[in-house]
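Asker: Can you read through this structure? Questions will come right after.
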Amino acid sequence: MKESFSLQKLLLYAVLLIAALTFIYPFIWMIGASLAPESEIGKMNLWPSQPGLGNFRSMIEKIPIGHSLINSLIVATLITALVMLTGSMVGYALAKMRFRGRQIIFYIIVFTMSLPFQITLIPNYITMVNLHLVDTFLALILPFAVSAFAILMFRQAFQGLPQALIDAARLDGCNELQIIFRILWPNIKPTLVTVAILTFIGSWNEVLWPLIVIRDEQLMTMPQLVTLFAVGGRADAQLGVKIAAAVLLALPVMIAFLFFQRHFIQSMASTGLKD
Amino acid sequence: MNTDTIIKQGDRKPSLFLRKEILPYLLVSPYLIFVIVFVLFPVLFCLFLTFHKWNIIGPMHFIGADNYARLFHDRLFWKAIGNTLKFLLLHIPLQLIVSLFLAYLLNQKIRGIPFFRGAFFLPVIVSGVVITILWWQLLGYDTGLINRLLTSVGIPKIGWLVNPDVAIYSIALMATWKNVGLYVILFLVGLQTVPTQYYEAAKLEGANRWQQFYHITLPMINPTIFMVVILSTIGGFSLFIEPYIMTGGGPMNQTISAVLYIYKQAFQFYNMGYSATLGFFYAIMIMTVVVLQKKLIEKEE
């Protein structure tokens, strides 16, 4: 056993390292390129000879990138808060209460989860036009304020909690909202983290819907603004500024990932493991 | 139990909110309102739109089944479907093989698993916009890093995004690179559920590594394989931002995806009725494919 250890293990590590480099190297190259003068982009060297912030400076002059960062933060935070609020309320009712139509509602939730978004895309845009919500944050938030996935996650988490916990809280005079948010929430922390991360990342990265309902540059989310900057003429065909915009878009998520890697991976893995 | 609290409870007049019969409905009301406004109504409205011609500003015209007739003769729409299928044809098998291979390697007793897992996972969480801009540069014909690498070892340049026969597969490669980390994690979870006794028993009977993998591992992780196929099918059918940024659907419409075409019909040409028809048809197509896949899986099992 010990004999085969060295060579086989060495090969194993070599393959894994090459694979890891394939995923990391492009990001390092991207950060390097964002700091490089235009003439050096596309050269093989990983790091520019004279790194500078010129690309970032000219991008900031051309598009309201700082504004879009704040817009994205506001929208993603509000969506996440709403999804957790509504998800717990509906999930609690489905898990712990008996009422007529409970089963039907559950089936509707499962069905809507498998409904492709392409069918509701155009009608939802028209709804936004009719409600005069185009070019408002509400247009970005409302269609994502309730998530079937979050409801099912919360339902499952609440089902796992003992009824005695709820009965005791009720005897202490808690109403149902207090029971959900004060008594039950502290007991389902992993679910809270999972739903929060998935919702936040999902809405942070959403780009098709903002492209449809936001035209005012001051209200654009970051992925949308960066997309339009990259395909539009305002980058003056300069690669460096486009890459700089991409770096700024990637940075918040990458930093969060560095600190909360384990939570990110567990959350994402749980999406697939649901059924 | 404390009798005081029970008495207090009984004395207090239940407010409307506390009334047992109404309360559950109040709690589920956000979902009910949401599902009516953003799911039920849109689906019905979408169906309604498919029988109309409408540019969103002027009046609606009822045109019967004309939109459907147009759809069946719309070469560009079928090309978009074909492109999406070509994309899936490379994307799904490649994704399966690479992610299973990497997960298998990670499942050996090695050090540094968090590092490797994190590295593979990085592209999964970063916005598709970033990934697309990044690979747009890497795959450039003259200045792209990959072609420079190829020429430096004597291989001729490849028209990753400019060659009409290649472009959609380049996009499939990039999408695989982006998503593979997620499936590595799913496979890793699946692999860890295989009891080690099975391998030990097989070793005693003289099975080599490949035989162990084929006869023990593969059957045990079948559910994960099917899940990966279904997830990447649904993801692939939503292909939009990659061609939107990189190619705009070109060259020669070889990378236009179905979602990109639906988007263009609505927001470039303002054919709301026709775009809704495409969306309706496409959604039913996706659901059919996924249901068929699930049926096939159940049959296998």
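The chains in the structure tokens are called A, B, ... from first to last as shown; in each chain the residues are counted from 1, and the ligands are counted from 1 in the order shown.
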Set out as a tab-separated table a contact list for chain B and chain A with a cut-off of 7 Å, giving each residue of chain B that qualifies its closest atom pair and distance in Å to one decimal, counting only C-alpha atoms, ordered by chain and rising residue number.
Answerer:
```
residue	atom	partner	partner_atom	distance
B:Thr5	CA	A:Leu171	CA	6.3
B:Ile6	CA	A:Leu171	CA	6.4
B:Gln9	CA	A:Gly173	CA	6.9
B:Pro24	CA	A:Ala93	CA	5.5
B:Leu27	CA	A:Met89	CA	5.3
B:Val28	CA	A:Val90	CA	4.6
B:Pro30	CA	A:Thr86	CA	6.4
B:Tyr31	CA	A:Val146	CA	6.5
B:Phe34	CA	A:Val146	CA	6.8
B:Phe38	CA	A:Pro143	CA	6.4
B:Val39	CA	A:Thr120	CA	6.6
B:Pro42	CA	A:Pro123	CA	5.0
B:Val43	CA	A:Thr120	CA	6.0
B:Phe45	CA	A:Pro123	CA	6.3
B:Cys46	CA	A:Pro123	CA	5.8
B:Leu105	CA	A:Leu12	CA	7.0
B:Phe116	CA	A:Ala20	CA	6.0
B:Gly118	CA	A:Gln261	CA	6.9
B:Ala119	CA	A:Ala20	CA	5.5
B:Phe120	CA	A:Phe23	CA	6.0
B:Val126	CA	A:Ala250	CA	5.9
B:Ser127	CA	A:Asn205	CA	5.0
B:Val129	CA	A:Pro223	CA	6.4
B:Val130	CA	A:Ala246	CA	4.9
B:Ile133	CA	A:Ala246	CA	6.8
B:Leu134	CA	A:Met30	CA	6.7
B:Thr143	CA	A:Gly42	CA	5.1
B:Gly144	CA	A:Gly42	CA	5.8
B:Leu145	CA	A:Gly42	CA	5.6
B:Leu182	CA	A:Ala269	CA	6.9
B:Ile185	CA	A:Ala269	CA	6.3
B:Leu186	CA	A:Ala269	CA	5.9
B:Ile245	CA	A:Val231	CA	5.9
B:Ala276	CA	A:Ile122	CA	6.0
B:Gly279	CA	A:Ile119	CA	5.0
B:Phe280	CA	A:Ile119	CA	5.0
B:Ala283	CA	A:Pro116	CA	5.5
```
Asker: Give me, as an mmCIF file with C-alpha atoms, in the first residue's frame, all polymer residues having an atom no more than 10 Å from Met252 (chain B), counting only C-alpha atoms and skipping those fewer than 3 positions away in the same chain.
Answerer:
```cif
data_model
loop_
_atom_site.group_PDB
_atom_site.id
_atom_site.type_symbol
_atom_site.label_atom_id
_atom_site.label_comp_id
_atom_site.auth_asym_id
_atom_site.auth_seq_id
_atom_site.Cartn_x
_atom_site.Cartn_y
_atom_site.Cartn_z
ATOM 1 C CA VAL B 162 -16.025 34.319 -35.274
ATOM 2 C CA ASN B 163 -16.278 30.922 -36.966
ATOM 3 C CA PRO B 164 -20.005 30.196 -37.443
ATOM 4 C CA ASP B 165 -19.455 26.447 -37.044
ATOM 5 C CA THR B 247 -21.875 37.623 -30.229
ATOM 6 C CA GLY B 249 -26.463 36.030 -31.793
ATOM 7 C CA THR B 255 -25.354 31.542 -31.640
ATOM 8 C CA ILE B 256 -28.767 33.136 -31.290
#
```
Asker: Got a sec to tell me which of region 44-170 of chain A DSSP assigns to helix (DSSP H, G or I), as an mmCIF file with N, CA and C atoms, in the first residue's frame?
Answerer:
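To be explicit, this is the file written out as part07.cif:
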```cif
data_model
loop_
_atom_site.group_PDB
_atom_site.id
_atom_site.type_symbol
_atom_site.label_atom_id
_atom_site.label_comp_id
_atom_site.auth_asym_id
_atom_site.auth_seq_id
_atom_site.Cartn_x
_atom_site.Cartn_y
_atom_site.Cartn_z
ATOM 1 N N GLY A 54 -5.850 53.439 -14.213
ATOM 2 C CA GLY A 54 -6.366 54.232 -15.341
ATOM 3 C C GLY A 54 -7.686 53.711 -15.887
ATOM 4 N N ASN A 55 -7.780 52.382 -16.055
ATOM 5 C CA ASN A 55 -9.020 51.806 -16.597
ATOM 6 C C ASN A 55 -10.210 52.087 -15.697
ATOM 7 N N PHE A 56 -9.975 51.952 -14.398
ATOM 8 C CA PHE A 56 -11.066 52.183 -13.457
ATOM 9 C C PHE A 56 -11.489 53.650 -13.500
ATOM 10 N N ARG A 57 -10.467 54.537 -13.593
ATOM 11 C CA ARG A 57 -10.777 55.961 -13.607
ATOM 12 C C ARG A 57 -11.637 56.312 -14.821
ATOM 13 N N SER A 58 -11.249 55.827 -15.991
ATOM 14 C CA SER A 58 -12.021 56.227 -17.172
ATOM 15 C C SER A 58 -13.402 55.555 -17.186
ATOM 16 N N MET A 59 -13.510 54.377 -16.561
ATOM 17 C CA MET A 59 -14.836 53.759 -16.475
ATOM 18 C C MET A 59 -15.755 54.583 -15.576
ATOM 19 N N ILE A 60 -15.215 55.034 -14.433
ATOM 20 C CA ILE A 60 -16.035 55.817 -13.505
ATOM 21 C C ILE A 60 -16.507 57.117 -14.155
ATOM 22 N N GLU A 61 -15.657 57.663 -15.050
ATOM 23 C CA GLU A 61 -16.068 58.872 -15.753
ATOM 24 C C GLU A 61 -17.219 58.596 -16.710
ATOM 25 N N LYS A 62 -17.232 57.377 -17.263
ATOM 26 C CA LYS A 62 -18.205 57.097 -18.325
ATOM 27 C C LYS A 62 -19.546 56.594 -17.814
ATOM 28 N N ILE A 65 -21.066 53.817 -12.082
ATOM 29 C CA ILE A 65 -20.869 52.468 -11.551
ATOM 30 C C ILE A 65 -21.101 52.414 -10.043
ATOM 31 N N GLY A 66 -20.691 53.480 -9.330
ATOM 32 C CA GLY A 66 -20.881 53.513 -7.885
ATOM 33 C C GLY A 66 -22.358 53.489 -7.537
ATOM 34 N N HIS A 67 -23.112 54.272 -8.314
ATOM 35 C CA HIS A 67 -24.554 54.307 -8.144
ATOM 36 C C HIS A 67 -25.166 52.930 -8.342
ATOM 37 N N SER A 68 -24.702 52.237 -9.384
ATOM 38 C CA SER A 68 -25.285 50.932 -9.694
ATOM 39 C C SER A 68 -24.957 49.920 -8.601
ATOM 40 N N LEU A 69 -23.790 50.082 -7.977
ATOM 41 C CA LEU A 69 -23.425 49.192 -6.872
ATOM 42 C C LEU A 69 -24.420 49.357 -5.720
ATOM 43 N N ILE A 70 -24.731 50.610 -5.402
ATOM 44 C CA ILE A 70 -25.692 50.871 -4.334
ATOM 45 C C ILE A 70 -27.075 50.353 -4.728
ATOM 46 N N ASN A 71 -27.474 50.598 -5.982
ATOM 47 C CA ASN A 71 -28.771 50.080 -6.453
ATOM 48 C C ASN A 71 -28.845 48.571 -6.278
ATOM 49 N N SER A 72 -27.792 47.882 -6.709
ATOM 50 C CA SER A 72 -27.783 46.427 -6.606
ATOM 51 C C SER A 72 -27.885 45.980 -5.153
ATOM 52 N N LEU A 73 -27.150 46.675 -4.279
ATOM 53 C CA LEU A 73 -27.195 46.327 -2.856
ATOM 54 C C LEU A 73 -28.599 46.499 -2.296
ATOM 55 N N ILE A 74 -29.231 47.639 -2.616
ATOM 56 C CA ILE A 74 -30.583 47.899 -2.109
ATOM 57 C C ILE A 74 -31.545 46.830 -2.604
ATOM 58 N N VAL A 75 -31.516 46.597 -3.907
ATOM 59 C CA VAL A 75 -32.483 45.662 -4.497
ATOM 60 C C VAL A 75 -32.271 44.251 -3.949
ATOM 61 N N ALA A 76 -31.017 43.793 -3.929
ATOM 62 C CA ALA A 76 -30.756 42.420 -3.475
ATOM 63 C C ALA A 76 -31.102 42.265 -1.995
ATOM 64 N N THR A 77 -30.813 43.297 -1.188
ATOM 65 C CA THR A 77 -31.124 43.215 0.243
ATOM 66 C C THR A 77 -32.630 43.166 0.472
ATOM 67 N N LEU A 78 -33.364 44.031 -0.214
ATOM 68 C CA LEU A 78 -34.817 44.046 -0.025
ATOM 69 C C LEU A 78 -35.453 42.747 -0.497
ATOM 70 N N ILE A 79 -35.004 42.249 -1.638
ATOM 71 C CA ILE A 79 -35.556 40.979 -2.134
ATOM 72 C C ILE A 79 -35.283 39.870 -1.118
ATOM 73 N N THR A 80 -34.045 39.819 -0.618
ATOM 74 C CA THR A 80 -33.700 38.770 0.344
ATOM 75 C C THR A 80 -34.574 38.868 1.595
ATOM 76 N N ALA A 81 -34.745 40.090 2.128
ATOM 77 C CA ALA A 81 -35.565 40.262 3.328
ATOM 78 C C ALA A 81 -37.000 39.816 3.073
ATOM 79 N N LEU A 82 -37.554 40.232 1.939
ATOM 80 C CA LEU A 82 -38.945 39.879 1.630
ATOM 81 C C LEU A 82 -39.115 38.381 1.434
ATOM 82 N N VAL A 83 -38.171 37.768 0.728
ATOM 83 C CA VAL A 83 -38.262 36.328 0.479
ATOM 84 C C VAL A 83 -38.223 35.554 1.791
ATOM 85 N N MET A 84 -37.393 36.015 2.734
ATOM 86 C CA MET A 84 -37.291 35.308 4.017
ATOM 87 C C MET A 84 -38.544 35.514 4.854
ATOM 88 N N LEU A 85 -39.070 36.722 4.795
ATOM 89 C CA LEU A 85 -40.295 37.037 5.536
ATOM 90 C C LEU A 85 -41.472 36.224 5.001
ATOM 91 N N THR A 86 -41.743 36.366 3.721
ATOM 92 C CA THR A 86 -42.898 35.670 3.142
ATOM 93 C C THR A 86 -42.676 34.158 3.165
ATOM 94 N N GLY A 87 -41.444 33.746 2.903
ATOM 95 C CA GLY A 87 -41.147 32.314 2.894
ATOM 96 C C GLY A 87 -41.428 31.673 4.241
ATOM 97 N N SER A 88 -41.044 32.354 5.342
ATOM 98 C CA SER A 88 -41.289 31.764 6.662
ATOM 99 C C SER A 88 -42.772 31.742 6.989
ATOM 100 N N MET A 89 -43.481 32.809 6.639
ATOM 101 C CA MET A 89 -44.910 32.851 6.962
ATOM 102 C C MET A 89 -45.663 31.728 6.247
ATOM 103 N N VAL A 90 -45.458 31.635 4.939
ATOM 104 C CA VAL A 90 -46.170 30.614 4.162
ATOM 105 C C VAL A 90 -45.684 29.218 4.563
ATOM 106 N N GLY A 91 -44.371 29.087 4.726
ATOM 107 C CA GLY A 91 -43.820 27.793 5.091
ATOM 108 C C GLY A 91 -44.330 27.319 6.450
ATOM 109 N N TYR A 92 -44.483 28.268 7.386
ATOM 110 C CA TYR A 92 -44.992 27.926 8.713
ATOM 111 C C TYR A 92 -46.443 27.446 8.630
ATOM 112 N N ALA A 93 -47.268 28.182 7.896
ATOM 113 C CA ALA A 93 -48.679 27.787 7.766
ATOM 114 C C ALA A 93 -48.783 26.394 7.156
ATOM 115 N N LEU A 94 -47.967 26.134 6.145
ATOM 116 C CA LEU A 94 -48.043 24.832 5.470
ATOM 117 C C LEU A 94 -47.524 23.706 6.360
ATOM 118 N N ALA A 95 -46.556 24.027 7.211
ATOM 119 C CA ALA A 95 -45.937 22.968 8.016
ATOM 120 C C ALA A 95 -46.712 22.687 9.294
ATOM 121 N N LYS A 96 -47.215 23.744 9.926
ATOM 122 C CA LYS A 96 -47.704 23.581 11.289
ATOM 123 C C LYS A 96 -49.175 23.901 11.484
ATOM 124 N N ARG A 102 -54.851 23.510 2.104
ATOM 125 C CA ARG A 102 -53.415 23.479 2.365
ATOM 126 C C ARG A 102 -52.690 22.634 1.318
ATOM 127 N N GLN A 103 -53.242 21.453 1.068
ATOM 128 C CA GLN A 103 -52.603 20.535 0.129
ATOM 129 C C GLN A 103 -52.567 21.128 -1.281
ATOM 130 N N ILE A 104 -53.671 21.779 -1.664
ATOM 131 C CA ILE A 104 -53.731 22.368 -3.009
ATOM 132 C C ILE A 104 -52.664 23.444 -3.150
ATOM 133 N N ILE A 105 -52.546 24.291 -2.128
ATOM 134 C CA ILE A 105 -51.545 25.361 -2.183
ATOM 135 C C ILE A 105 -50.148 24.757 -2.320
ATOM 136 N N PHE A 106 -49.929 23.677 -1.571
ATOM 137 C CA PHE A 106 -48.625 23.019 -1.663
ATOM 138 C C PHE A 106 -48.352 22.539 -3.096
ATOM 139 N N TYR A 107 -49.349 21.920 -3.707
ATOM 140 C CA TYR A 107 -49.150 21.442 -5.086
ATOM 141 C C TYR A 107 -48.917 22.602 -6.056
ATOM 142 N N ILE A 108 -49.640 23.707 -5.841
ATOM 143 C CA ILE A 108 -49.454 24.870 -6.724
ATOM 144 C C ILE A 108 -48.008 25.367 -6.615
ATOM 145 N N ILE A 109 -47.494 25.405 -5.380
ATOM 146 C CA ILE A 109 -46.122 25.878 -5.179
ATOM 147 C C ILE A 109 -45.135 24.981 -5.923
ATOM 148 N N VAL A 110 -45.319 23.671 -5.777
ATOM 149 C CA VAL A 110 -44.408 22.750 -6.465
ATOM 150 C C VAL A 110 -44.514 22.932 -7.973
ATOM 151 N N PHE A 111 -45.756 23.126 -8.452
ATOM 152 C CA PHE A 111 -45.938 23.271 -9.893
ATOM 153 C C PHE A 111 -45.305 24.561 -10.414
ATOM 154 N N THR A 112 -45.534 25.673 -9.699
ATOM 155 C CA THR A 112 -44.988 26.942 -10.188
ATOM 156 C C THR A 112 -43.458 26.919 -10.204
ATOM 157 N N MET A 113 -42.884 26.095 -9.327
ATOM 158 C CA MET A 113 -41.421 26.011 -9.314
ATOM 159 C C MET A 113 -40.883 25.447 -10.624
ATOM 160 N N GLN A 118 -39.838 31.675 -19.162
ATOM 161 C CA GLN A 118 -40.067 32.249 -20.489
ATOM 162 C C GLN A 118 -41.534 32.546 -20.748
ATOM 163 N N ILE A 119 -42.418 31.808 -20.057
ATOM 164 C CA ILE A 119 -43.852 31.964 -20.299
ATOM 165 C C ILE A 119 -44.386 33.230 -19.626
ATOM 166 N N THR A 120 -43.785 33.646 -18.513
ATOM 167 C CA THR A 120 -44.304 34.808 -17.792
ATOM 168 C C THR A 120 -43.517 36.091 -18.095
ATOM 169 N N LEU A 121 -42.435 35.957 -18.830
ATOM 170 C CA LEU A 121 -41.534 37.096 -19.059
ATOM 171 C C LEU A 121 -42.243 38.285 -19.713
ATOM 172 N N ILE A 122 -42.832 38.079 -20.857
ATOM 173 C CA ILE A 122 -43.462 39.168 -21.606
ATOM 174 C C ILE A 122 -44.692 39.700 -20.862
ATOM 175 N N PRO A 123 -45.610 38.815 -20.396
ATOM 176 C CA PRO A 123 -46.771 39.333 -19.646
ATOM 177 C C PRO A 123 -46.364 40.122 -18.405
ATOM 178 N N ASN A 124 -45.346 39.672 -17.681
ATOM 179 C CA ASN A 124 -44.929 40.404 -16.493
ATOM 180 C C ASN A 124 -44.384 41.786 -16.842
ATOM 181 N N TYR A 125 -43.703 41.876 -17.973
ATOM 182 C CA TYR A 125 -43.234 43.189 -18.425
ATOM 183 C C TYR A 125 -44.435 44.105 -18.682
ATOM 184 N N ILE A 126 -45.462 43.551 -19.335
ATOM 185 C CA ILE A 126 -46.650 44.356 -19.646
ATOM 186 C C ILE A 126 -47.359 44.770 -18.355
ATOM 187 N N THR A 127 -47.399 43.878 -17.369
ATOM 188 C CA THR A 127 -47.961 44.238 -16.058
ATOM 189 C C THR A 127 -47.216 45.440 -15.480
ATOM 190 N N MET A 128 -45.886 45.404 -15.574
ATOM 191 C CA MET A 128 -45.077 46.506 -15.044
ATOM 192 C C MET A 128 -45.386 47.805 -15.778
ATOM 193 N N VAL A 129 -45.587 47.714 -17.088
ATOM 194 C CA VAL A 129 -45.937 48.913 -17.862
ATOM 195 C C VAL A 129 -47.285 49.440 -17.392
ATOM 196 N N ASN A 130 -48.256 48.548 -17.235
ATOM 197 C CA ASN A 130 -49.607 48.977 -16.851
ATOM 198 C C ASN A 130 -49.662 49.540 -15.440
ATOM 199 N N PHE A 137 -37.588 50.828 -8.608
ATOM 200 C CA PHE A 137 -37.047 49.666 -7.896
ATOM 201 C C PHE A 137 -38.113 48.595 -7.688
ATOM 202 N N LEU A 138 -39.378 49.047 -7.539
ATOM 203 C CA LEU A 138 -40.449 48.078 -7.307
ATOM 204 C C LEU A 138 -40.523 47.062 -8.446
ATOM 205 N N ALA A 139 -40.269 47.515 -9.666
ATOM 206 C CA ALA A 139 -40.302 46.595 -10.805
ATOM 207 C C ALA A 139 -39.228 45.526 -10.661
ATOM 208 N N LEU A 140 -38.112 45.884 -10.054
ATOM 209 C CA LEU A 140 -37.032 44.912 -9.862
ATOM 210 C C LEU A 140 -37.328 43.977 -8.699
ATOM 211 N N ILE A 141 -38.064 44.482 -7.703
ATOM 212 C CA ILE A 141 -38.229 43.734 -6.456
ATOM 213 C C ILE A 141 -39.481 42.845 -6.469
ATOM 214 N N LEU A 142 -40.643 43.424 -6.812
ATOM 215 C CA LEU A 142 -41.912 42.706 -6.648
ATOM 216 C C LEU A 142 -41.936 41.316 -7.288
ATOM 217 N N PRO A 143 -41.506 41.158 -8.542
ATOM 218 C CA PRO A 143 -41.615 39.815 -9.129
ATOM 219 C C PRO A 143 -40.724 38.776 -8.451
ATOM 220 N N PHE A 144 -39.828 39.218 -7.573
ATOM 221 C CA PHE A 144 -38.944 38.261 -6.885
ATOM 222 C C PHE A 144 -39.184 38.235 -5.379
ATOM 223 N N ALA A 148 -40.960 30.332 -4.349
ATOM 224 C CA ALA A 148 -41.510 28.999 -4.073
ATOM 225 C C ALA A 148 -40.445 28.130 -3.413
ATOM 226 N N PHE A 149 -39.211 28.271 -3.881
ATOM 227 C CA PHE A 149 -38.109 27.490 -3.308
ATOM 228 C C PHE A 149 -37.937 27.794 -1.819
ATOM 229 N N ALA A 150 -37.958 29.098 -1.470
ATOM 230 C CA ALA A 150 -37.784 29.478 -0.059
ATOM 231 C C ALA A 150 -38.932 28.928 0.785
ATOM 232 N N ILE A 151 -40.149 29.002 0.270
ATOM 233 C CA ILE A 151 -41.305 28.479 1.017
ATOM 234 C C ILE A 151 -41.095 26.997 1.333
ATOM 235 N N LEU A 152 -40.667 26.238 0.325
ATOM 236 C CA LEU A 152 -40.478 24.802 0.544
ATOM 237 C C LEU A 152 -39.339 24.537 1.530
ATOM 238 N N MET A 153 -38.287 25.341 1.443
ATOM 239 C CA MET A 153 -37.181 25.191 2.397
ATOM 240 C C MET A 153 -37.663 25.440 3.828
ATOM 241 N N PHE A 154 -38.402 26.541 4.021
ATOM 242 C CA PHE A 154 -38.885 26.868 5.363
ATOM 243 C C PHE A 154 -39.895 25.826 5.842
ATOM 244 N N ARG A 155 -40.758 25.376 4.945
ATOM 245 C CA ARG A 155 -41.756 24.364 5.317
ATOM 246 C C ARG A 155 -41.047 23.130 5.875
ATOM 247 N N GLN A 156 -40.007 22.701 5.147
ATOM 248 C CA GLN A 156 -39.284 21.513 5.577
ATOM 249 C C GLN A 156 -38.597 21.734 6.933
ATOM 250 N N ALA A 157 -37.987 22.925 7.091
ATOM 251 C CA ALA A 157 -37.289 23.208 8.341
ATOM 252 C C ALA A 157 -38.270 23.238 9.521
ATOM 253 N N PHE A 158 -39.436 23.886 9.322
ATOM 254 C CA PHE A 158 -40.417 23.980 10.406
ATOM 255 C C PHE A 158 -41.005 22.615 10.735
ATOM 256 N N GLN A 159 -41.180 21.770 9.737
ATOM 257 C CA GLN A 159 -41.715 20.433 9.982
ATOM 258 C C GLN A 159 -40.821 19.650 10.941
ATOM 259 N N GLN A 163 -43.689 20.258 17.929
ATOM 260 C CA GLN A 163 -44.895 21.054 18.167
ATOM 261 C C GLN A 163 -44.868 21.675 19.571
ATOM 262 N N ALA A 164 -44.193 20.974 20.515
ATOM 263 C CA ALA A 164 -44.157 21.454 21.897
ATOM 264 C C ALA A 164 -43.562 22.862 21.993
ATOM 265 N N LEU A 165 -42.608 23.134 21.129
ATOM 266 C CA LEU A 165 -41.960 24.451 21.106
ATOM 267 C C LEU A 165 -42.996 25.539 20.831
ATOM 268 N N ILE A 166 -43.883 25.266 19.887
ATOM 269 C CA ILE A 166 -44.913 26.232 19.495
ATOM 270 C C ILE A 166 -45.974 26.341 20.586
ATOM 271 N N ASP A 167 -46.394 25.187 21.121
ATOM 272 C CA ASP A 167 -47.415 25.201 22.169
ATOM 273 C C ASP A 167 -46.944 25.995 23.376
ATOM 274 N N ALA A 168 -45.691 25.792 23.762
ATOM 275 C CA ALA A 168 -45.144 26.500 24.920
ATOM 276 C C ALA A 168 -45.145 27.998 24.666
ATOM 277 N N ALA A 169 -44.747 28.406 23.456
ATOM 278 C CA ALA A 169 -44.703 29.826 23.124
ATOM 279 C C ALA A 169 -46.094 30.427 23.145
ATOM 280 N N ARG A 170 -47.076 29.647 22.678
ATOM 281 C CA ARG A 170 -48.445 30.138 22.643
ATOM 282 C C ARG A 170 -48.955 30.357 24.069
#
```
Asker: Output as JSON lines one row per residue of region 54-154 of chain B within 12 Å of region 219-226 of chain B: the closest atom pair and its distance in Å to one decimal place, counting only C-alpha atoms, sorted by chain and residue number ascending.
Answerer:
```
{"residue": "B:Ile92", "atom": "CA", "partner": "B:Ile225", "partner_atom": "CA", "distance": 10.5}
{"residue": "B:Pro93", "atom": "CA", "partner": "B:Ile225", "partner_atom": "CA", "distance": 10.5}
{"residue": "B:Gln95", "atom": "CA", "partner": "B:Ile225", "partner_atom": "CA", "distance": 10.4}
{"residue": "B:Leu96", "atom": "CA", "partner": "B:Ile225", "partner_atom": "CA", "distance": 7.3}
{"residue": "B:Ile97", "atom": "CA", "partner": "B:Ile225", "partner_atom": "CA", "distance": 10.0}
{"residue": "B:Ser99", "atom": "CA", "partner": "B:Ile225", "partner_atom": "CA", "distance": 10.2}
{"residue": "B:Leu100", "atom": "CA", "partner": "B:Ile225", "partner_atom": "CA", "distance": 8.7}
{"residue": "B:Ala103", "atom": "CA", "partner": "B:Ile221", "partner_atom": "CA", "distance": 11.7}
{"residue": "B:Tyr104", "atom": "CA", "partner": "B:Ile221", "partner_atom": "CA", "distance": 11.3}
```
Asker: Need the shell around region 60-71 of chain B: protein/DNA/RNA residues with any atom at most 8 Å away, counting only C-alpha atoms. Skip same-chain ones fewer than 5 positions apart. Format as a PDB file with N, CA and C atoms, in the first residue's frame?
Answerer:
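And here is the file that came out, around-v9.pdb:
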```pdb
ATOM      1  N   THR B  50     -51.092  35.351 -27.474  1.00  0.00           N
ATOM      2  CA  THR B  50     -50.670  34.559 -28.629  1.00  0.00           C
ATOM      3  C   THR B  50     -51.661  34.684 -29.787  1.00  0.00           C
ATOM      4  N   PHE B  51     -52.879  35.155 -29.521  1.00  0.00           N
ATOM      5  CA  PHE B  51     -53.861  35.312 -30.606  1.00  0.00           C
ATOM      6  C   PHE B  51     -53.959  36.758 -31.080  1.00  0.00           C
ATOM      7  N   HIS B  52     -53.000  37.578 -30.651  1.00  0.00           N
ATOM      8  CA  HIS B  52     -53.077  38.991 -31.007  1.00  0.00           C
ATOM      9  C   HIS B  52     -51.778  39.511 -31.596  1.00  0.00           C
ATOM     10  N   LYS B  53     -51.946  40.604 -32.360  1.00  0.00           N
ATOM     11  CA  LYS B  53     -50.792  41.344 -32.838  1.00  0.00           C
ATOM     12  C   LYS B  53     -50.795  42.652 -32.068  1.00  0.00           C
ATOM     13  N   TRP B  54     -49.673  42.970 -31.462  1.00  0.00           N
ATOM     14  CA  TRP B  54     -49.662  44.149 -30.586  1.00  0.00           C
ATOM     15  C   TRP B  54     -48.244  44.702 -30.477  1.00  0.00           C
ATOM     16  N   ASN B  55     -48.129  46.008 -30.675  1.00  0.00           N
ATOM     17  CA  ASN B  55     -46.797  46.618 -30.553  1.00  0.00           C
ATOM     18  C   ASN B  55     -46.638  47.348 -29.229  1.00  0.00           C
ATOM     19  N   PHE B  77     -36.405  31.215 -35.663  1.00  0.00           N
ATOM     20  CA  PHE B  77     -36.781  30.621 -34.382  1.00  0.00           C
ATOM     21  C   PHE B  77     -36.294  29.169 -34.308  1.00  0.00           C
ATOM     22  N   GLY B 273     -47.209  40.180 -29.195  1.00  0.00           N
ATOM     23  CA  GLY B 273     -48.023  38.981 -29.400  1.00  0.00           C
ATOM     24  C   GLY B 273     -47.177  37.818 -29.883  1.00  0.00           C
ATOM     25  N   TYR B 274     -46.333  38.110 -30.864  1.00  0.00           N
ATOM     26  CA  TYR B 274     -45.525  37.029 -31.423  1.00  0.00           C
ATOM     27  C   TYR B 274     -44.493  36.523 -30.411  1.00  0.00           C
ATOM     28  N   THR B 277     -46.081  34.323 -28.018  1.00  0.00           N
ATOM     29  CA  THR B 277     -46.324  33.012 -28.634  1.00  0.00           C
ATOM     30  C   THR B 277     -45.063  32.150 -28.567  1.00  0.00           C
ATOM     31  N   LEU B 278     -43.931  32.769 -28.901  1.00  0.00           N
ATOM     32  CA  LEU B 278     -42.662  32.039 -28.831  1.00  0.00           C
ATOM     33  C   LEU B 278     -42.396  31.577 -27.401  1.00  0.00           C
TER      34      LEU B 278
END
```
Asker: For Ala172 (chain B), please output as number ranges by chain all residues within 9 Å (counting only C-alpha atoms; exclusion window: fewer than 3 positions along the same chain).
Answerer: B: 86-91, 167-169, 175-177, 236
